[in-house]
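Reproduced below: query_27.cif, with mmCIF, C-alpha atoms and all ligand atoms.
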```cif
data_coords
#
loop_
_atom_site.group_PDB
_atom_site.id
_atom_site.type_symbol
_atom_site.label_atom_id
_atom_site.label_comp_id
_atom_site.auth_asym_id
_atom_site.auth_seq_id
_atom_site.Cartn_x
_atom_site.Cartn_y
_atom_site.Cartn_z
ATOM 1 C CA MET A 623 -8.666 5.795 13.289
ATOM 2 C CA GLU A 624 -10.140 6.582 9.868
ATOM 3 C CA LEU A 625 -9.099 6.492 6.233
ATOM 4 C CA VAL A 626 -9.052 9.957 4.704
ATOM 5 C CA TRP A 627 -8.640 11.108 1.136
ATOM 6 C CA PRO A 628 -5.263 12.824 0.689
ATOM 7 C CA SER A 629 -5.749 16.597 0.800
ATOM 8 C CA LEU A 630 -3.745 19.783 1.111
ATOM 9 C CA ALA A 631 -4.985 20.085 4.701
ATOM 10 C CA HIS A 632 -3.444 16.701 5.582
ATOM 11 C CA LEU A 633 -0.276 17.231 3.550
ATOM 12 C CA PRO A 634 1.984 18.868 6.191
ATOM 13 C CA ALA A 635 1.685 15.799 8.437
ATOM 14 C CA TYR A 636 2.443 13.558 5.450
ATOM 15 C CA VAL A 637 5.556 15.589 4.591
ATOM 16 C CA ALA A 638 6.675 15.429 8.229
ATOM 17 C CA ALA A 639 6.488 11.613 8.081
ATOM 18 C CA LEU A 640 8.531 11.513 4.850
ATOM 19 C CA GLU A 641 11.115 13.830 6.390
ATOM 20 C CA ARG A 642 11.275 11.639 9.481
ATOM 21 C CA GLY A 643 12.375 8.705 7.320
ATOM 22 C CA TRP A 644 9.136 6.886 6.545
ATOM 23 C CA THR A 645 8.400 5.713 2.992
ATOM 24 C CA PRO A 646 5.035 4.834 1.443
ATOM 25 C CA ASP A 647 6.671 2.426 -1.029
ATOM 26 C CA ASN A 648 7.776 -0.883 0.503
ATOM 27 C CA GLU A 649 9.631 -1.916 -2.652
ATOM 28 C CA ARG A 650 11.443 1.309 -3.646
ATOM 29 C CA GLY A 651 12.039 2.452 -0.083
ATOM 30 C CA ARG A 652 13.791 5.765 0.574
ATOM 31 C CA ALA A 653 14.143 6.615 -3.137
ATOM 32 C CA ALA A 654 10.349 6.797 -3.435
ATOM 33 C CA ALA A 655 10.101 9.094 -0.397
ATOM 34 C CA GLU A 656 12.755 11.445 -1.852
ATOM 35 C CA ASP A 657 10.924 11.514 -5.205
ATOM 36 C CA GLU A 658 7.701 12.446 -3.440
ATOM 37 C CA LEU A 659 9.324 15.277 -1.481
ATOM 38 C CA VAL A 660 10.574 16.743 -4.774
ATOM 39 C CA ARG A 661 7.124 16.424 -6.377
ATOM 40 C CA ILE A 662 5.413 18.013 -3.345
ATOM 41 C CA GLU A 663 7.869 20.904 -3.420
ATOM 42 C CA ALA A 664 7.159 21.441 -7.137
ATOM 43 C CA SER A 665 3.356 21.365 -6.802
ATOM 44 C CA PRO A 666 1.485 20.269 -3.673
ATOM 45 C CA SER A 667 -1.858 20.230 -5.495
ATOM 46 C CA ASN A 668 -0.569 18.147 -8.430
ATOM 47 C CA PHE A 669 0.908 15.692 -5.952
ATOM 48 C CA ILE A 670 -2.384 15.329 -4.076
ATOM 49 C CA ALA A 671 -4.297 14.929 -7.351
ATOM 50 C CA SER A 672 -1.920 12.191 -8.536
ATOM 51 C CA LEU A 673 -2.787 9.943 -5.568
ATOM 52 C CA VAL A 674 -6.309 9.282 -6.822
ATOM 53 C CA ASP A 675 -6.296 8.010 -10.403
ATOM 54 C CA LEU A 676 -9.396 5.932 -11.038
ATOM 55 C CA GLN A 677 -8.679 5.664 -14.775
ATOM 56 C CA GLY A 678 -4.961 4.866 -14.509
ATOM 57 C CA SER A 679 -4.279 7.847 -16.739
ATOM 58 C CA GLY A 680 -1.205 9.100 -14.848
ATOM 59 C CA GLY A 681 2.371 8.549 -15.925
ATOM 60 C CA PRO A 682 4.170 5.210 -15.694
ATOM 61 C CA VAL A 683 5.169 3.546 -12.431
ATOM 62 C CA GLN A 684 8.833 2.932 -11.662
ATOM 63 C CA LEU A 685 9.847 -0.501 -10.371
ATOM 64 C CA PRO A 686 12.844 -0.952 -8.025
ATOM 65 C CA ASP A 687 15.271 -1.666 -10.914
ATOM 66 C CA GLY A 688 14.122 1.472 -12.775
ATOM 67 C CA THR A 689 11.814 -0.316 -15.249
ATOM 68 C CA LEU A 690 8.780 1.819 -16.154
ATOM 69 C CA VAL A 691 5.415 0.048 -16.423
ATOM 70 C CA PRO A 692 1.884 1.316 -17.171
ATOM 71 C CA ARG A 693 -0.090 2.698 -14.234
ATOM 72 C CA LEU A 694 -3.141 0.740 -13.132
ATOM 73 C CA PRO A 695 -6.304 2.486 -11.967
ATOM 74 C CA GLY A 696 -6.289 2.965 -8.211
ATOM 75 C CA TYR A 697 -6.045 5.302 -5.292
ATOM 76 C CA ARG A 698 -4.291 5.927 -2.016
ATOM 77 C CA LYS A 699 -5.872 6.829 1.269
ATOM 78 C CA TRP A 700 -4.165 8.014 4.419
ATOM 79 C CA ILE A 701 -4.531 6.402 7.826
ATOM 80 C CA TRP A 702 -5.389 9.198 10.229
ATOM 81 C CA ASP A 703 -5.974 9.354 13.997
ATOM 82 C CA GLY A 704 -5.799 13.124 14.319
ATOM 83 C CA THR A 705 -2.464 13.056 12.546
ATOM 84 C CA PHE A 706 -0.833 11.019 9.786
ATOM 85 C CA CYS A 707 -0.300 7.339 10.638
ATOM 86 C CA GLY A 708 0.314 5.634 7.304
ATOM 87 C CA SER A 709 -0.995 4.952 3.854
ATOM 88 C CA ILE A 710 -2.950 2.205 2.112
ATOM 89 C CA ASN A 711 -3.734 1.811 -1.540
ATOM 90 C CA LEU A 712 -6.026 -0.165 -3.796
ATOM 91 C CA ARG A 713 -5.372 -0.824 -7.480
ATOM 92 C CA TRP A 714 -7.051 -3.073 -9.969
ATOM 93 C CA SER A 715 -6.713 -4.269 -13.537
ATOM 94 C CA PRO A 716 -9.142 -2.821 -16.089
ATOM 95 C CA GLU A 717 -8.955 -6.193 -17.896
ATOM 96 C CA GLY A 718 -10.371 -8.376 -15.109
ATOM 97 C CA SER A 719 -9.412 -9.792 -11.761
ATOM 98 C CA THR A 720 -5.881 -10.959 -12.719
ATOM 99 C CA LEU A 721 -3.165 -8.411 -12.094
ATOM 100 C CA PRO A 722 -0.257 -7.931 -14.515
ATOM 101 C CA TRP A 723 3.128 -9.349 -13.412
ATOM 102 C CA TYR A 724 4.442 -5.940 -12.399
ATOM 103 C CA CYS A 725 1.759 -5.321 -9.758
ATOM 104 C CA LEU A 726 2.412 -7.517 -6.736
ATOM 105 C CA GLY A 727 -1.066 -7.152 -5.218
ATOM 106 C CA HIS A 728 -4.331 -5.212 -5.211
ATOM 107 C CA VAL A 729 -3.514 -3.635 -1.850
ATOM 108 C CA GLY A 730 -0.374 -2.171 -0.293
ATOM 109 C CA TYR A 731 0.001 -0.469 3.067
ATOM 110 C CA SER A 732 2.541 0.985 5.414
ATOM 111 C CA VAL A 733 2.200 2.399 8.937
ATOM 112 C CA VAL A 734 4.762 4.872 10.271
ATOM 113 C CA PRO A 735 7.015 3.135 12.842
ATOM 114 C CA TRP A 736 5.874 5.425 15.682
ATOM 115 C CA LYS A 737 2.216 4.371 15.189
ATOM 116 C CA GLN A 738 2.727 0.629 14.709
ATOM 117 C CA ARG A 739 1.272 -2.153 16.899
ATOM 118 C CA ARG A 740 -1.976 -0.304 17.611
ATOM 119 C CA GLY A 741 -4.095 -2.343 15.184
ATOM 120 C CA TYR A 742 -4.087 0.410 12.561
ATOM 121 C CA ALA A 743 -2.977 -1.706 9.589
ATOM 122 C CA THR A 744 -5.508 -4.424 10.451
ATOM 123 C CA GLU A 745 -8.333 -1.905 10.673
ATOM 124 C CA ALA A 746 -7.200 0.025 7.586
ATOM 125 C CA LEU A 747 -7.229 -3.164 5.505
ATOM 126 C CA SER A 748 -10.689 -4.034 6.805
ATOM 127 C CA LEU A 749 -11.999 -0.598 5.770
ATOM 128 C CA LEU A 750 -10.337 -0.800 2.366
ATOM 129 C CA LEU A 751 -11.815 -4.259 1.731
ATOM 130 C CA ASP A 752 -15.288 -2.730 2.164
ATOM 131 C CA GLU A 753 -14.390 -0.217 -0.526
ATOM 132 C CA ALA A 754 -13.022 -2.930 -2.827
ATOM 133 C CA ARG A 755 -16.254 -4.891 -2.378
ATOM 134 C CA GLU A 756 -18.299 -1.802 -3.235
ATOM 135 C CA ARG A 757 -16.220 -1.437 -6.419
ATOM 136 C CA GLY A 758 -17.265 -4.952 -7.409
ATOM 137 C CA LEU A 759 -13.925 -6.713 -7.021
ATOM 138 C CA PRO A 760 -14.618 -10.429 -6.406
ATOM 139 C CA HIS A 761 -11.397 -10.848 -4.447
ATOM 140 C CA VAL A 762 -8.123 -9.106 -3.717
ATOM 141 C CA GLU A 763 -4.655 -10.616 -3.764
ATOM 142 C CA LEU A 764 -1.871 -9.381 -1.513
ATOM 143 C CA THR A 765 1.770 -10.390 -1.334
ATOM 144 C CA THR A 766 4.271 -10.058 1.475
ATOM 145 C CA ASP A 767 7.938 -10.853 1.806
ATOM 146 C CA ASP A 768 8.126 -14.299 3.406
ATOM 147 C CA GLY A 769 9.719 -12.792 6.546
ATOM 148 C CA ASN A 770 7.140 -10.028 7.018
ATOM 149 C CA LEU A 771 5.202 -11.594 9.897
ATOM 150 C CA ALA A 772 3.411 -8.370 10.870
ATOM 151 C CA SER A 773 1.905 -7.981 7.396
ATOM 152 C CA GLN A 774 0.972 -11.671 7.292
ATOM 153 C CA ARG A 775 -0.919 -11.252 10.570
ATOM 154 C CA VAL A 776 -2.759 -8.247 9.156
ATOM 155 C CA ILE A 777 -3.847 -10.332 6.157
ATOM 156 C CA HIS A 778 -4.839 -13.381 8.241
ATOM 157 C CA ALA A 779 -6.908 -11.159 10.553
ATOM 158 C CA ASN A 780 -8.830 -10.026 7.467
ATOM 159 C CA GLY A 781 -9.599 -13.520 6.192
ATOM 160 C CA GLY A 782 -6.640 -14.002 3.861
ATOM 161 C CA ALA A 783 -5.908 -17.497 2.570
ATOM 162 C CA LEU A 784 -2.382 -18.428 1.515
ATOM 163 C CA LEU A 785 -2.187 -19.270 -2.212
ATOM 164 C CA GLY A 786 1.506 -20.136 -2.160
ATOM 165 C CA ALA A 787 5.093 -18.936 -2.305
ATOM 166 C CA GLU A 788 6.710 -17.502 -5.409
ATOM 167 C CA GLU A 789 9.838 -15.698 -6.580
ATOM 168 C CA LYS A 790 9.611 -11.932 -6.844
ATOM 169 C CA PRO A 791 10.004 -10.734 -10.448
ATOM 170 C CA GLN A 792 13.570 -9.736 -11.387
ATOM 171 C CA ALA A 793 12.538 -6.071 -11.674
ATOM 172 C CA PHE A 794 11.893 -6.152 -7.898
ATOM 173 C CA ARG A 795 15.434 -7.479 -7.353
ATOM 174 C CA GLY A 796 14.338 -10.991 -6.396
ATOM 175 C CA GLY A 797 13.415 -12.599 -3.093
ATOM 176 C CA LYS A 798 10.578 -14.820 -1.902
ATOM 177 C CA LEU A 799 6.963 -13.719 -1.725
ATOM 178 C CA LEU A 800 3.894 -15.216 -0.137
ATOM 179 C CA ARG A 801 0.668 -14.621 -2.055
ATOM 180 C CA PHE A 802 -2.688 -14.416 -0.265
ATOM 181 C CA ARG A 803 -6.248 -14.062 -1.481
ATOM 182 C CA ILE A 804 -9.169 -12.474 0.357
ATOM 183 C CA THR A 805 -12.542 -13.354 -1.151
ATOM 184 C CA LEU A 806 -15.005 -10.466 -1.179
ATOM 185 C CA ALA A 807 -18.030 -11.780 -3.028
HETATM 186 C C1 LIG B 1 3.128 -4.429 8.398
HETATM 187 C C2 LIG B 1 2.633 -3.159 9.073
HETATM 188 C C3 LIG B 1 1.805 -2.370 8.064
HETATM 189 C C4 LIG B 1 1.790 -3.526 10.284
HETATM 190 O O1 LIG B 1 1.258 -2.316 10.806
HETATM 191 P P1 LIG B 1 0.634 -2.230 12.276
HETATM 192 O O2 LIG B 1 -0.322 -1.081 12.279
HETATM 193 O O3 LIG B 1 1.724 -2.234 13.269
HETATM 194 O O4 LIG B 1 -0.168 -3.598 12.360
HETATM 195 P P2 LIG B 1 -1.224 -3.994 13.491
HETATM 196 O O5 LIG B 1 -1.038 -3.115 14.696
HETATM 197 O O6 LIG B 1 -2.556 -4.023 12.842
HETATM 198 O O7 LIG B 1 -0.711 -5.427 13.890
HETATM 199 C C5 LIG B 1 -1.019 -6.568 13.150
HETATM 200 C C6 LIG B 1 -0.403 -7.783 13.808
HETATM 201 O O8 LIG B 1 1.016 -7.793 13.543
HETATM 202 C C7 LIG B 1 1.709 -7.881 14.782
HETATM 203 N N1 LIG B 1 2.916 -7.112 14.630
HETATM 204 C C8 LIG B 1 3.018 -5.791 14.436
HETATM 205 N N2 LIG B 1 4.312 -5.453 14.288
HETATM 206 C C9 LIG B 1 5.024 -6.604 14.409
HETATM 207 C C10 LIG B 1 6.393 -6.915 14.338
HETATM 208 N N3 LIG B 1 7.313 -5.969 14.133
HETATM 209 N N4 LIG B 1 6.759 -8.216 14.485
HETATM 210 C C11 LIG B 1 5.837 -9.182 14.681
HETATM 211 N N5 LIG B 1 4.503 -8.951 14.730
HETATM 212 C C12 LIG B 1 4.117 -7.670 14.614
HETATM 213 C C13 LIG B 1 0.764 -7.304 15.806
HETATM 214 O O9 LIG B 1 1.079 -7.756 17.102
HETATM 215 C C14 LIG B 1 -0.546 -7.837 15.324
HETATM 216 O O10 LIG B 1 -0.662 -9.207 15.655
HETATM 217 P P3 LIG B 1 -1.981 -9.801 16.315
HETATM 218 O O11 LIG B 1 -3.110 -9.469 15.345
HETATM 219 O O12 LIG B 1 -1.698 -11.251 16.406
HETATM 220 O O13 LIG B 1 -2.120 -9.076 17.603
HETATM 221 C C15 LIG B 1 3.830 -2.282 9.569
HETATM 222 O O14 LIG B 1 4.684 -3.081 10.338
HETATM 223 C C16 LIG B 1 4.598 -1.627 8.448
HETATM 224 O O15 LIG B 1 4.220 -0.574 7.951
HETATM 225 N N6 LIG B 1 5.713 -2.270 8.020
HETATM 226 C C17 LIG B 1 6.533 -1.718 6.963
HETATM 227 C C18 LIG B 1 5.800 -1.745 5.629
HETATM 228 C C19 LIG B 1 5.234 -3.116 5.285
HETATM 229 O O16 LIG B 1 5.853 -4.131 5.538
HETATM 230 N N7 LIG B 1 4.046 -3.109 4.659
HETATM 231 C C20 LIG B 1 3.375 -4.325 4.216
HETATM 232 C C21 LIG B 1 3.947 -4.790 2.931
HETATM 233 S S1 LIG B 1 3.149 -6.263 2.362
#
```
Can you give me the file's structure in the form of structure tokens?
Ligand SMILES: CC(C)(COP(=O)(O)OP(=O)(O)OC[C@H]1O[C@@H](n2cnc3c(N)ncnc32)[C@H](O)[C@@H]1OP(=O)(O)O)[C@@H](O)C(=O)NCCC(=O)NCCS
Amino acid sequence: MELVWPSLAHLPAYVAALERGWTPDNERGRAAAEDELVRIEASPSNFIASLVDLQGSGGPVQLPDGTLVPRLPGYRKWIWDGTFCGSINLRWSPEGSTLPWYCLGHVGYSVVPWKQRRGYATEALSLLLDEARERGLPHVELTTDDGNLASQRVIHANGGALLGAEEKPQAFRGGKLLRFRITLA
């Protein structure tokens, strides 16, 4: 398994996963997958380019209730074992280590159901943490729904410490979150 930069060569396998029902966005779910299929149809190369935005210069990000918020700098990589297995992303605040309220964590990930339970998310997070360290981030914070045991195991396996439980912001339609921190320095 490796993390690859999104590219036109990898795109057909990504589209196949979207069409099979997978979504890269754990909060917006299917709506985000449908939006992406429309954007890919309109311009595959613009779509690929939009996934790596180190300045946060792209358009706003839509939250689950439709609220638009500024885009943070960040990028997505794809989990690849000869074909598409999932996606993982890193984002950070230009103002320092604290994220704004509308970004639930520095890292998000999702593995397609047919490639789960092979250790891919655990390994993908480990690889992404190396990249975050190289970028100079002193720590990353991650949040999971309180019932998402698989994601909590992924975070624990990578040295995550529980900071506490909190309510999800209203724009995410509520619910309970657990917040973890992984120290990188
Ligand atoms: C969470 C998710 C990324 C895990 O991906 P994965 O590649 O299957 O994870 P791994 O194979 O690395 O497994 C990590 C651990 O979770 C456990 N696990 C995996 N799926 C599980 C499940 N459905 N229920 C309980 N435990 C599970 C594994 O057994 C493993 O535990 P171990 O380290 O004690 O052996 C995947 O389930 C997923 O994409 N879920 C939907 C999106 C999501 O929730 N993303 C995270 C948002 S915070």
**Q.** Long-range neighbours of Gly688 of chain A as a list in words, 10 Å cut-off, all atoms listed in the file, 4 positions minimum in chain
**A.**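 The contact residues come out as Arg650, Val683, Gln684, Ala793 and Phe794 of chain A.
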**Q.** atom CA of Glu756 of chain A to atom O12 of ligand LIG 1 (chain B), distance in Å rounded to a single decimal
**A.** 27.4 Å
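Taking all atoms listed in the file into account, ligand LIG 1 (chain B) lies nearest to A:Gly708 out of the set A:Gly718, A:Pro628, A:Gly708, A:Gly786.
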Q: Run the PyMOL selection byres (((chain A and resi 700) around 12) and not hetatm) on the file and write out the hits as number ranges by chain.
A: A: 623-629, 632-633, 635-636, 639, 646, 670, 673-674, 697-699, 701-712, 730-734, 742-743, 746-747, 749-750
Going by the chain IDs and residue numbers used in this file, which residues fall under the PyMOL selection byres (((not hetatm)) within 7 of (chain B and resi 1))? Write them as an mmCIF file with C-alpha atoms, in the coordinates of the input.
```cif
data_model
loop_
_atom_site.group_PDB
_atom_site.id
_atom_site.type_symbol
_atom_site.label_atom_id
_atom_site.label_comp_id
_atom_site.auth_asym_id
_atom_site.auth_seq_id
_atom_site.Cartn_x
_atom_site.Cartn_y
_atom_site.Cartn_z
ATOM 1 C CA ASN A 648 7.776 -0.883 0.503
ATOM 2 C CA GLY A 730 -0.374 -2.171 -0.293
ATOM 3 C CA TYR A 731 0.001 -0.469 3.067
ATOM 4 C CA SER A 732 2.541 0.985 5.414
ATOM 5 C CA VAL A 733 2.200 2.399 8.937
ATOM 6 C CA VAL A 734 4.762 4.872 10.271
ATOM 7 C CA PRO A 735 7.015 3.135 12.842
ATOM 8 C CA LYS A 737 2.216 4.371 15.189
ATOM 9 C CA GLN A 738 2.727 0.629 14.709
ATOM 10 C CA ARG A 739 1.272 -2.153 16.899
ATOM 11 C CA ARG A 740 -1.976 -0.304 17.611
ATOM 12 C CA GLY A 741 -4.095 -2.343 15.184
ATOM 13 C CA TYR A 742 -4.087 0.410 12.561
ATOM 14 C CA ALA A 743 -2.977 -1.706 9.589
ATOM 15 C CA THR A 744 -5.508 -4.424 10.451
ATOM 16 C CA GLU A 745 -8.333 -1.905 10.673
ATOM 17 C CA THR A 765 1.770 -10.390 -1.334
ATOM 18 C CA THR A 766 4.271 -10.058 1.475
ATOM 19 C CA ASP A 767 7.938 -10.853 1.806
ATOM 20 C CA ASN A 770 7.140 -10.028 7.018
ATOM 21 C CA LEU A 771 5.202 -11.594 9.897
ATOM 22 C CA ALA A 772 3.411 -8.370 10.870
ATOM 23 C CA SER A 773 1.905 -7.981 7.396
ATOM 24 C CA ARG A 775 -0.919 -11.252 10.570
ATOM 25 C CA VAL A 776 -2.759 -8.247 9.156
ATOM 26 C CA ALA A 779 -6.908 -11.159 10.553
#
```
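Our summary of the geometry notes that atom CA of Glu649 of chain A is positioned 13.8 Å from atom CA of Leu764 of chain A.
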